[in-house]
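Raw contents of structure22.cif, mmCIF, C-alpha atoms and all ligand atoms:
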```
data_protein
loop_
_atom_site.label_atom_id
_atom_site.label_comp_id
_atom_site.auth_asym_id
_atom_site.auth_seq_id
_atom_site.Cartn_x
_atom_site.Cartn_y
_atom_site.Cartn_z
CA MET A 1396 5.17 15.98 10.48
CA THR A 1397 5.11 12.26 9.78
CA ALA A 1398 2.28 10.37 8.06
CA LEU A 1399 1.67 6.65 8.30
CA TYR A 1400 0.48 4.95 5.12
CA PRO A 1401 -0.85 1.50 6.05
CA GLY A 1402 -1.93 -1.21 3.64
CA SER A 1403 -1.34 -4.69 2.30
CA PHE A 1404 0.88 -3.65 -0.62
CA ASP A 1405 0.54 -7.13 -2.13
CA PRO A 1406 2.27 -5.97 -4.26
CA ILE A 1407 3.08 -2.26 -4.47
CA THR A 1408 1.70 -0.59 -7.61
CA TYR A 1409 2.18 2.73 -9.39
CA GLY A 1410 -1.01 3.84 -7.61
CA HIS A 1411 0.62 3.44 -4.18
CA ILE A 1412 3.85 4.97 -5.46
CA ASP A 1413 2.01 8.00 -6.88
CA LEU A 1414 0.29 8.53 -3.54
CA VAL A 1415 3.50 8.33 -1.50
CA ARG A 1416 5.27 10.73 -3.83
CA ARG A 1417 2.45 13.25 -3.41
CA ALA A 1418 2.56 12.77 0.35
CA THR A 1419 6.31 13.41 0.53
CA LYS A 1420 5.61 16.92 -0.80
CA ILE A 1421 3.29 17.58 2.15
CA PHE A 1422 4.88 15.66 5.04
CA ASP A 1423 8.48 15.58 6.27
CA LYS A 1424 8.34 11.82 6.37
CA VAL A 1425 6.05 9.05 5.14
CA VAL A 1426 6.14 5.68 6.89
CA VAL A 1427 4.77 2.94 4.65
CA ALA A 1428 3.43 0.30 7.04
CA ILE A 1429 2.80 -3.14 5.61
CA ALA A 1430 0.13 -5.17 7.38
CA VAL A 1431 1.08 -8.73 8.21
CA ASN A 1432 -2.42 -9.89 9.02
CA ILE A 1433 -4.42 -9.30 5.89
CA GLY A 1434 -7.64 -11.26 5.50
CA LYS A 1435 -6.81 -13.11 2.32
CA GLU A 1436 -3.76 -15.29 1.77
CA PRO A 1437 -1.23 -12.81 0.31
CA LEU A 1438 0.82 -13.53 -2.80
CA PHE A 1439 4.00 -12.23 -1.16
CA THR A 1440 5.27 -12.77 2.37
CA VAL A 1441 5.59 -9.67 4.47
CA ALA A 1442 9.38 -9.74 4.08
CA GLU A 1443 9.02 -9.84 0.30
CA ARG A 1444 6.47 -7.00 0.33
CA VAL A 1445 8.83 -4.90 2.48
CA GLN A 1446 11.65 -5.58 0.03
CA LEU A 1447 9.59 -4.55 -3.00
CA VAL A 1448 8.34 -1.36 -1.33
CA LYS A 1449 11.90 -0.44 -0.27
CA GLU A 1450 13.09 -0.94 -3.83
CA ALA A 1451 10.27 1.30 -5.11
CA PHE A 1452 11.38 4.18 -2.88
CA LYS A 1453 15.12 3.78 -2.92
CA ASP A 1454 15.53 7.28 -4.41
CA LEU A 1455 13.43 8.70 -1.56
CA HIS A 1456 15.00 6.81 1.32
CA ASP A 1457 15.53 9.99 3.34
CA LYS A 1458 11.78 10.72 3.32
CA VAL A 1459 10.17 7.29 3.07
CA GLU A 1460 10.55 4.60 5.68
CA VAL A 1461 9.21 1.08 5.20
CA VAL A 1462 8.05 -1.04 8.14
CA TRP A 1463 5.67 -3.92 8.80
CA PHE A 1464 3.14 -4.21 11.58
CA GLU A 1465 0.75 -6.62 13.19
CA GLY A 1466 -2.51 -5.72 14.90
CA LEU A 1467 -4.40 -2.44 14.89
CA VAL A 1468 -2.84 0.31 12.82
CA VAL A 1469 -3.85 2.98 15.35
CA GLU A 1470 -1.94 1.14 18.07
CA PHE A 1471 1.12 1.10 15.86
CA ALA A 1472 0.69 4.82 15.13
CA LYS A 1473 0.27 5.66 18.83
CA ARG A 1474 3.36 3.66 19.79
CA HIS A 1475 5.39 5.66 17.28
CA GLY A 1476 3.83 9.03 18.07
CA ILE A 1477 2.30 9.38 14.58
CA ARG A 1478 -0.98 11.31 14.35
CA ILE A 1479 -1.77 11.15 10.65
CA LEU A 1480 -2.98 8.09 8.76
CA LEU A 1481 -2.83 8.34 5.02
CA ARG A 1482 -5.11 6.41 2.67
CA GLY A 1483 -5.79 6.53 -1.04
CA LEU A 1484 -9.17 7.11 -2.62
CA ARG A 1485 -9.71 5.78 -6.07
CA MET A 1486 -13.27 5.40 -7.17
CA VAL A 1487 -16.47 5.92 -5.29
CA SER A 1488 -16.34 2.21 -4.50
CA ASP A 1489 -13.43 2.80 -2.09
CA PHE A 1490 -15.41 5.34 -0.16
CA ASP A 1491 -17.70 3.08 1.92
CA TYR A 1492 -14.89 0.92 3.22
CA GLU A 1493 -12.48 3.79 3.79
CA PHE A 1494 -15.15 5.87 5.55
CA GLN A 1495 -16.04 2.97 7.84
CA MET A 1496 -12.42 2.32 8.65
CA ALA A 1497 -11.55 5.98 9.27
CA ILE A 1498 -14.48 6.39 11.67
CA THR A 1499 -13.66 3.14 13.47
CA ASN A 1500 -10.02 4.15 13.83
CA ARG A 1501 -11.17 7.48 15.23
CA MET A 1502 -13.18 5.66 17.89
CA PHE A 1503 -10.03 3.84 18.99
CA ALA A 1504 -7.79 6.89 18.75
CA PRO A 1505 -9.55 10.29 18.54
CA GLU A 1506 -6.20 12.09 18.39
CA ILE A 1507 -5.31 10.46 15.08
CA GLU A 1508 -6.70 11.87 11.82
CA THR A 1509 -7.10 9.95 8.58
CA LEU A 1510 -6.29 11.95 5.47
CA PHE A 1511 -7.07 10.90 1.92
CA LEU A 1512 -5.15 11.62 -1.24
CA MET A 1513 -6.21 10.90 -4.79
CA PRO A 1514 -3.83 9.37 -7.29
CA SER A 1515 -3.18 10.58 -10.79
CA GLU A 1516 -6.01 9.66 -13.16
CA ASP A 1517 -3.56 7.24 -14.81
CA TYR A 1518 -3.73 5.01 -11.74
CA PHE A 1519 -7.27 5.65 -10.65
CA TYR A 1520 -8.53 2.20 -11.55
CA ILE A 1521 -5.62 -0.04 -10.58
CA SER A 1522 -5.54 -2.33 -7.59
CA SER A 1523 -3.12 -5.00 -6.43
CA ARG A 1524 -5.92 -7.56 -6.77
CA LEU A 1525 -6.54 -6.74 -10.44
CA ILE A 1526 -2.84 -6.81 -11.22
CA LYS A 1527 -2.49 -10.25 -9.63
CA GLU A 1528 -5.37 -11.52 -11.75
CA ILE A 1529 -3.82 -10.15 -14.95
CA VAL A 1530 -0.42 -11.73 -14.24
CA ALA A 1531 -2.03 -15.05 -13.30
CA LEU A 1532 -3.78 -15.01 -16.69
CA GLY A 1533 -0.51 -14.34 -18.51
CA GLY A 1534 -1.01 -10.63 -19.20
CA SER A 1535 1.54 -7.86 -18.98
CA VAL A 1536 1.26 -5.34 -16.15
CA ASN A 1537 4.21 -3.09 -16.96
CA ARG A 1538 1.94 -0.04 -17.11
CA PHE A 1539 0.79 -0.64 -13.56
CA VAL A 1540 3.85 -1.79 -11.60
CA PRO A 1541 7.63 -1.31 -11.86
CA ASP A 1542 9.55 -4.00 -13.78
CA PHE A 1543 11.05 -5.54 -10.65
CA VAL A 1544 7.55 -6.05 -9.22
CA GLU A 1545 6.28 -7.71 -12.40
CA LYS A 1546 9.34 -9.97 -12.43
CA ALA A 1547 8.83 -10.94 -8.77
CA MET A 1548 5.16 -11.71 -9.45
CA LYS A 1549 5.95 -13.94 -12.39
CA GLU A 1550 8.59 -15.83 -10.40
CA LYS A 1551 6.20 -16.24 -7.50
CA LEU A 1552 3.37 -17.55 -9.65
CA LEU A 1553 5.75 -19.96 -11.35
CA THR A 1554 6.93 -21.46 -8.04
CA GLN A 1555 3.33 -21.65 -6.86
CA LYS A 1556 2.42 -23.63 -9.98
CA GLN A 1557 5.37 -25.97 -9.45
CA ASP A 1558 4.27 -26.56 -5.85
CA ARG A 1559 0.82 -27.66 -6.96
P1 LIG A 1601 -5.62 -2.46 1.96
O1 LIG A 1601 -5.72 -3.95 1.88
O2 LIG A 1601 -5.37 -1.92 3.33
O3 LIG A 1601 -6.73 -1.71 1.24
P2 LIG A 1601 -3.89 -1.80 -0.22
O4 LIG A 1601 -2.45 -2.08 -0.36
O5 LIG A 1601 -4.81 -2.43 -1.20
O6 LIG A 1601 -4.25 -2.16 1.24
O7 LIG A 1601 -4.12 -0.23 -0.25
C1 LIG A 1601 -3.56 0.63 0.70
C2 LIG A 1601 -4.14 2.02 0.48
O8 LIG A 1601 -3.74 2.49 -0.81
C3 LIG A 1601 -5.67 2.07 0.48
O9 LIG A 1601 -6.08 3.29 1.05
C4 LIG A 1601 -6.03 2.02 -0.97
O10 LIG A 1601 -7.27 2.65 -1.21
C5 LIG A 1601 -4.88 2.82 -1.56
N1 LIG A 1601 -4.64 2.45 -2.96
C6 LIG A 1601 -4.51 1.24 -3.51
N2 LIG A 1601 -4.34 1.31 -4.84
C7 LIG A 1601 -4.38 2.64 -5.14
C8 LIG A 1601 -4.31 3.38 -6.36
N3 LIG A 1601 -4.22 2.80 -7.54
N4 LIG A 1601 -4.38 4.72 -6.25
C9 LIG A 1601 -4.53 5.31 -5.06
N5 LIG A 1601 -4.63 4.70 -3.90
C10 LIG A 1601 -4.56 3.37 -3.93
#
```
If you took the structure in this file and wrote it as structure tokens, what would it be?
Ligand code: ADP
Amino acid sequence: MTALYPGSFDPITYGHIDLVRRATKIFDKVVVAIAVNIGKEPLFTVAERVQLVKEAFKDLHDKVEVVWFEGLVVEFAKRHGIRILLRGLRMVSDFDYEFQMAITNRMFAPEIETLFLMPSEDYFYISSRLIKEIVALGGSVNRFVPDFVEKAMKEKLLTQKQDR
């Protein structure tokens, strides 16, 4: 069975990676689906986010597929015949939003189930947003993201500064 793991992945963190690795032990295939239309202006373009996620799973390329999508995730899942949506639960604070979204998705597509996995306690508190803030303030995030992600973030922030 295939599971679809949708999100912004701006950028991918060890939390996301931990979740996908757990999921590959349960599902035959995990499709990481990167949302183009995220509310806030993303740090990375969708093409860059796809690239970073692909790099993160290059050792698992037979089990992990990376795609991007626009519009409702349930429509994307239906089009590809996928019936499982995977999401991560960190703290209690994720619960409200995730619960609301899972129920709403179920209204649009009752045949699709949302399943939740919990990351290792090492990654329980990390989010892409926090990591972006740390890098913007000059801190090191090597405990939270792979080196190539940290490097890409630093380069991106540097070019953004030069553009200003
Ligand atoms: P979104 O903007 O859709 O929340 P994210 O990329 O932030 O996209 O997250 C995608 C999914 O991964 C969400 O279900 C989120 O709760 C989960 N997630 C994010 N960070 C972690 C983490 N550190 N551990 C476990 N799950 C996480």
Pull the closest atom pair for each residue of chain A that gets at most 9 Å from ligand LIG 1601 (chain A), along with the distance in Å to one decimal, counting all atoms listed in the file, ordering rows by chain and then ascending residue number, as a Markdown table.
```
| residue | atom | partner | partner_atom | distance |
| --- | --- | --- | --- | --- |
| A:Tyr1400 | CA | A:LIG1601 | C2 | 7.2 |
| A:Pro1401 | CA | A:LIG1601 | C1 | 6.1 |
| A:Gly1402 | CA | A:LIG1601 | O6 | 3.5 |
| A:Ser1403 | CA | A:LIG1601 | O4 | 3.9 |
| A:Phe1404 | CA | A:LIG1601 | O4 | 3.7 |
| A:Asp1405 | CA | A:LIG1601 | O4 | 6.1 |
| A:Pro1406 | CA | A:LIG1601 | O4 | 7.3 |
| A:Ile1407 | CA | A:LIG1601 | O4 | 6.9 |
| A:Thr1408 | CA | A:LIG1601 | N3 | 6.8 |
| A:Tyr1409 | CA | A:LIG1601 | N3 | 6.7 |
| A:Gly1410 | CA | A:LIG1601 | N3 | 3.4 |
| A:His1411 | CA | A:LIG1601 | C7 | 5.2 |
| A:Ile1412 | CA | A:LIG1601 | N4 | 8.3 |
| A:Asp1413 | CA | A:LIG1601 | N4 | 7.2 |
| A:Leu1414 | CA | A:LIG1601 | C9 | 6.0 |
| A:Ile1429 | CA | A:LIG1601 | O4 | 8.0 |
| A:Ala1430 | CA | A:LIG1601 | O2 | 7.6 |
| A:Ile1433 | CA | A:LIG1601 | O1 | 6.8 |
| A:Gly1434 | CA | A:LIG1601 | O1 | 8.4 |
| A:Leu1481 | CA | A:LIG1601 | O9 | 7.2 |
| A:Arg1482 | CA | A:LIG1601 | O9 | 3.6 |
| A:Gly1483 | CA | A:LIG1601 | N5 | 3.6 |
| A:Leu1484 | CA | A:LIG1601 | O10 | 5.0 |
| A:Arg1485 | CA | A:LIG1601 | C9 | 5.3 |
| A:Met1486 | CA | A:LIG1601 | O10 | 8.9 |
| A:Asp1489 | CA | A:LIG1601 | O10 | 6.2 |
| A:Phe1490 | CA | A:LIG1601 | O10 | 8.6 |
| A:Tyr1492 | CA | A:LIG1601 | O3 | 8.8 |
| A:Glu1493 | CA | A:LIG1601 | O9 | 7.0 |
| A:Phe1511 | CA | A:LIG1601 | O9 | 7.7 |
| A:Leu1512 | CA | A:LIG1601 | C9 | 7.4 |
| A:Met1513 | CA | A:LIG1601 | C9 | 5.8 |
| A:Pro1514 | CA | A:LIG1601 | C9 | 4.7 |
| A:Ser1515 | CA | A:LIG1601 | N4 | 7.5 |
| A:Glu1516 | CA | A:LIG1601 | N4 | 8.6 |
| A:Asp1517 | CA | A:LIG1601 | N3 | 8.5 |
| A:Tyr1518 | CA | A:LIG1601 | N3 | 4.8 |
| A:Phe1519 | CA | A:LIG1601 | N3 | 5.2 |
| A:Tyr1520 | CA | A:LIG1601 | N3 | 5.9 |
| A:Ile1521 | CA | A:LIG1601 | N3 | 4.4 |
| A:Ser1522 | CA | A:LIG1601 | N2 | 4.7 |
| A:Ser1523 | CA | A:LIG1601 | O5 | 6.1 |
| A:Arg1524 | CA | A:LIG1601 | O5 | 7.7 |
| A:Phe1539 | CA | A:LIG1601 | N3 | 8.6 |
```
Do you know which residues are at most 7 Å from A:Ile1477 counting only C-alpha atoms, after dropping those on the same chain fewer than 5 positions away, and could you put them as a list of chain:residue names?
A:Thr1397, A:Ala1398, A:Leu1399, A:Ala1472
Write the residues you've just listed into a file as an mmCIF file, keeping the file's coordinate frame, and include C-alpha atoms for each of them.
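That gives us again.cif:
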```cif
data_model
loop_
_atom_site.group_PDB
_atom_site.id
_atom_site.type_symbol
_atom_site.label_atom_id
_atom_site.label_comp_id
_atom_site.auth_asym_id
_atom_site.auth_seq_id
_atom_site.Cartn_x
_atom_site.Cartn_y
_atom_site.Cartn_z
ATOM 1 C CA THR A 1397 5.110 12.260 9.780
ATOM 2 C CA ALA A 1398 2.280 10.370 8.060
ATOM 3 C CA LEU A 1399 1.670 6.650 8.300
ATOM 4 C CA ALA A 1472 0.690 4.820 15.130
#
```
Quote the spacing between atom CA of A:Val1431 and atom CA of A:Trp1463 in Å to one decimal place.
6.7 Å
Counting all atoms listed in the file, which residues of stretch 1432-1491 of chain A sit at most 6 Å from some atom of stretch 1507-1510 of chain A, and what is each one's closest atom pair with its distance in Å to one decimal, listed by chain and rising residue number, as a tab-separated table?
```
residue	atom	partner	partner_atom	distance
A:Arg1478	CA	A:Ile1507	CA	4.5
A:Ile1479	CA	A:Glu1508	CA	5.1
A:Leu1480	CA	A:Thr1509	CA	4.5
A:Leu1481	CA	A:Leu1510	CA	5.0
```
What is the atom CA of A:Asp1491-atom CA of A:Pro1505 distance in Å, reported with one decimal?
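These atoms are spaced 19.9 Å apart.
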How many Å separate atom CA of A:Pro1541 from atom CA of A:Phe1464?
24.0 Å
Restricting the calculation to all atoms listed in the file: of A:Thr1554, A:Thr1440, A:Gln1495, A:Asn1500, which residue gets closest to A:Val1468?
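Once distances to A:Val1468 are computed over all atoms listed in the file, the minimum belongs to A:Asn1500.
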Enclose stretch 1541-1556 of chain A, meaning all of its atoms listed in the file, in a box aligned along x, y and z, pad it by 4 Å on each side, and list the centre and edge lengths in Å to one decimal, as JSON.
```
{"center_x": 6.7, "center_y": -12.5, "center_z": -10.3, "size_x": 16.6, "size_y": 30.3, "size_z": 14.9}
```
Skip A:Ser1535 itself and residues of its chain fewer than 3 positions away, then list as a list in words all residues within 9 Å of it, counting all atoms listed in the file.
Ile1526, Ile1529, Val1530, Arg1538 and Glu1545 of chain A
Residue rebuild result stretch 1468-1493 of chain A, N, CA, C and O atoms as a compact mmCIF listing (two decimals), in the coordinates of the input:
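Generated file (part_39.txt):
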```txt
# COMPACT_ATOMS: atom_id res chain seq x y z
N VAL A 1468 -3.74 -0.72 13.34
CA VAL A 1468 -2.84 0.31 12.82
C VAL A 1468 -2.77 1.51 13.77
O VAL A 1468 -1.71 2.12 13.93
N VAL A 1469 -3.90 1.82 14.44
CA VAL A 1469 -3.85 2.98 15.35
C VAL A 1469 -2.94 2.73 16.54
O VAL A 1469 -2.30 3.65 17.05
N GLU A 1470 -2.85 1.47 16.96
CA GLU A 1470 -1.94 1.14 18.07
C GLU A 1470 -0.50 1.34 17.63
O GLU A 1470 0.33 1.86 18.37
N PHE A 1471 -0.23 0.92 16.41
CA PHE A 1471 1.12 1.10 15.86
C PHE A 1471 1.44 2.59 15.77
O PHE A 1471 2.52 3.04 16.17
N ALA A 1472 0.48 3.37 15.27
CA ALA A 1472 0.69 4.82 15.13
C ALA A 1472 0.94 5.45 16.50
O ALA A 1472 1.89 6.24 16.67
N LYS A 1473 0.13 5.10 17.48
CA LYS A 1473 0.27 5.66 18.83
C LYS A 1473 1.65 5.35 19.40
O LYS A 1473 2.33 6.22 19.93
N ARG A 1474 2.05 4.08 19.26
CA ARG A 1474 3.36 3.66 19.79
C ARG A 1474 4.50 4.48 19.21
O ARG A 1474 5.51 4.71 19.85
N HIS A 1475 4.31 4.92 17.95
CA HIS A 1475 5.39 5.66 17.28
C HIS A 1475 5.13 7.16 17.25
O HIS A 1475 5.84 7.90 16.55
N GLY A 1476 4.12 7.60 17.98
CA GLY A 1476 3.83 9.03 18.07
C GLY A 1476 3.39 9.65 16.75
O GLY A 1476 3.61 10.84 16.51
N ILE A 1477 2.75 8.86 15.88
CA ILE A 1477 2.30 9.38 14.58
C ILE A 1477 0.80 9.69 14.68
O ILE A 1477 0.02 8.87 15.17
N ARG A 1478 0.42 10.88 14.19
CA ARG A 1478 -0.98 11.31 14.35
C ARG A 1478 -1.74 11.42 13.03
O ARG A 1478 -2.89 11.83 13.02
N ILE A 1479 -1.08 11.08 11.94
CA ILE A 1479 -1.77 11.15 10.65
C ILE A 1479 -1.73 9.79 9.96
O ILE A 1479 -0.66 9.21 9.77
N LEU A 1480 -2.91 9.29 9.58
CA LEU A 1480 -2.98 8.09 8.76
C LEU A 1480 -3.33 8.53 7.35
O LEU A 1480 -4.21 9.37 7.16
N LEU A 1481 -2.63 7.97 6.41
CA LEU A 1481 -2.83 8.34 5.02
C LEU A 1481 -3.48 7.16 4.29
O LEU A 1481 -3.06 6.01 4.46
N ARG A 1482 -4.51 7.46 3.49
CA ARG A 1482 -5.11 6.41 2.67
C ARG A 1482 -5.37 6.97 1.28
O ARG A 1482 -5.45 8.19 1.10
N GLY A 1483 -5.53 6.09 0.33
CA GLY A 1483 -5.79 6.53 -1.04
C GLY A 1483 -7.25 6.33 -1.39
O GLY A 1483 -7.86 5.36 -0.97
N LEU A 1484 -7.80 7.27 -2.13
CA LEU A 1484 -9.17 7.11 -2.62
C LEU A 1484 -9.12 7.01 -4.13
O LEU A 1484 -8.62 7.92 -4.79
N ARG A 1485 -9.64 5.93 -4.62
CA ARG A 1485 -9.71 5.78 -6.07
C ARG A 1485 -11.12 6.12 -6.50
O ARG A 1485 -11.51 7.24 -6.56
N MET A 1486 -11.92 5.10 -6.71
CA MET A 1486 -13.27 5.40 -7.17
C MET A 1486 -14.20 5.52 -5.99
O MET A 1486 -13.82 5.29 -4.85
N VAL A 1487 -15.43 5.81 -6.31
CA VAL A 1487 -16.47 5.92 -5.29
C VAL A 1487 -16.53 4.61 -4.49
O VAL A 1487 -16.81 4.62 -3.29
N SER A 1488 -16.23 3.52 -5.17
CA SER A 1488 -16.34 2.21 -4.50
C SER A 1488 -15.40 2.08 -3.30
O SER A 1488 -15.64 1.27 -2.41
N ASP A 1489 -14.32 2.84 -3.26
CA ASP A 1489 -13.43 2.80 -2.09
C ASP A 1489 -14.06 3.51 -0.89
O ASP A 1489 -13.69 3.26 0.24
N PHE A 1490 -14.97 4.40 -1.18
CA PHE A 1490 -15.41 5.34 -0.16
C PHE A 1490 -16.04 4.67 1.06
O PHE A 1490 -15.67 4.96 2.20
N ASP A 1491 -16.99 3.75 0.82
CA ASP A 1491 -17.70 3.08 1.92
C ASP A 1491 -16.74 2.45 2.92
O ASP A 1491 -16.82 2.70 4.12
N TYR A 1492 -15.85 1.65 2.38
CA TYR A 1492 -14.89 0.92 3.22
C TYR A 1492 -13.95 1.88 3.95
O TYR A 1492 -13.73 1.76 5.15
N GLU A 1493 -13.44 2.85 3.20
CA GLU A 1493 -12.48 3.79 3.79
C GLU A 1493 -13.16 4.66 4.86
O GLU A 1493 -12.56 4.95 5.89
```
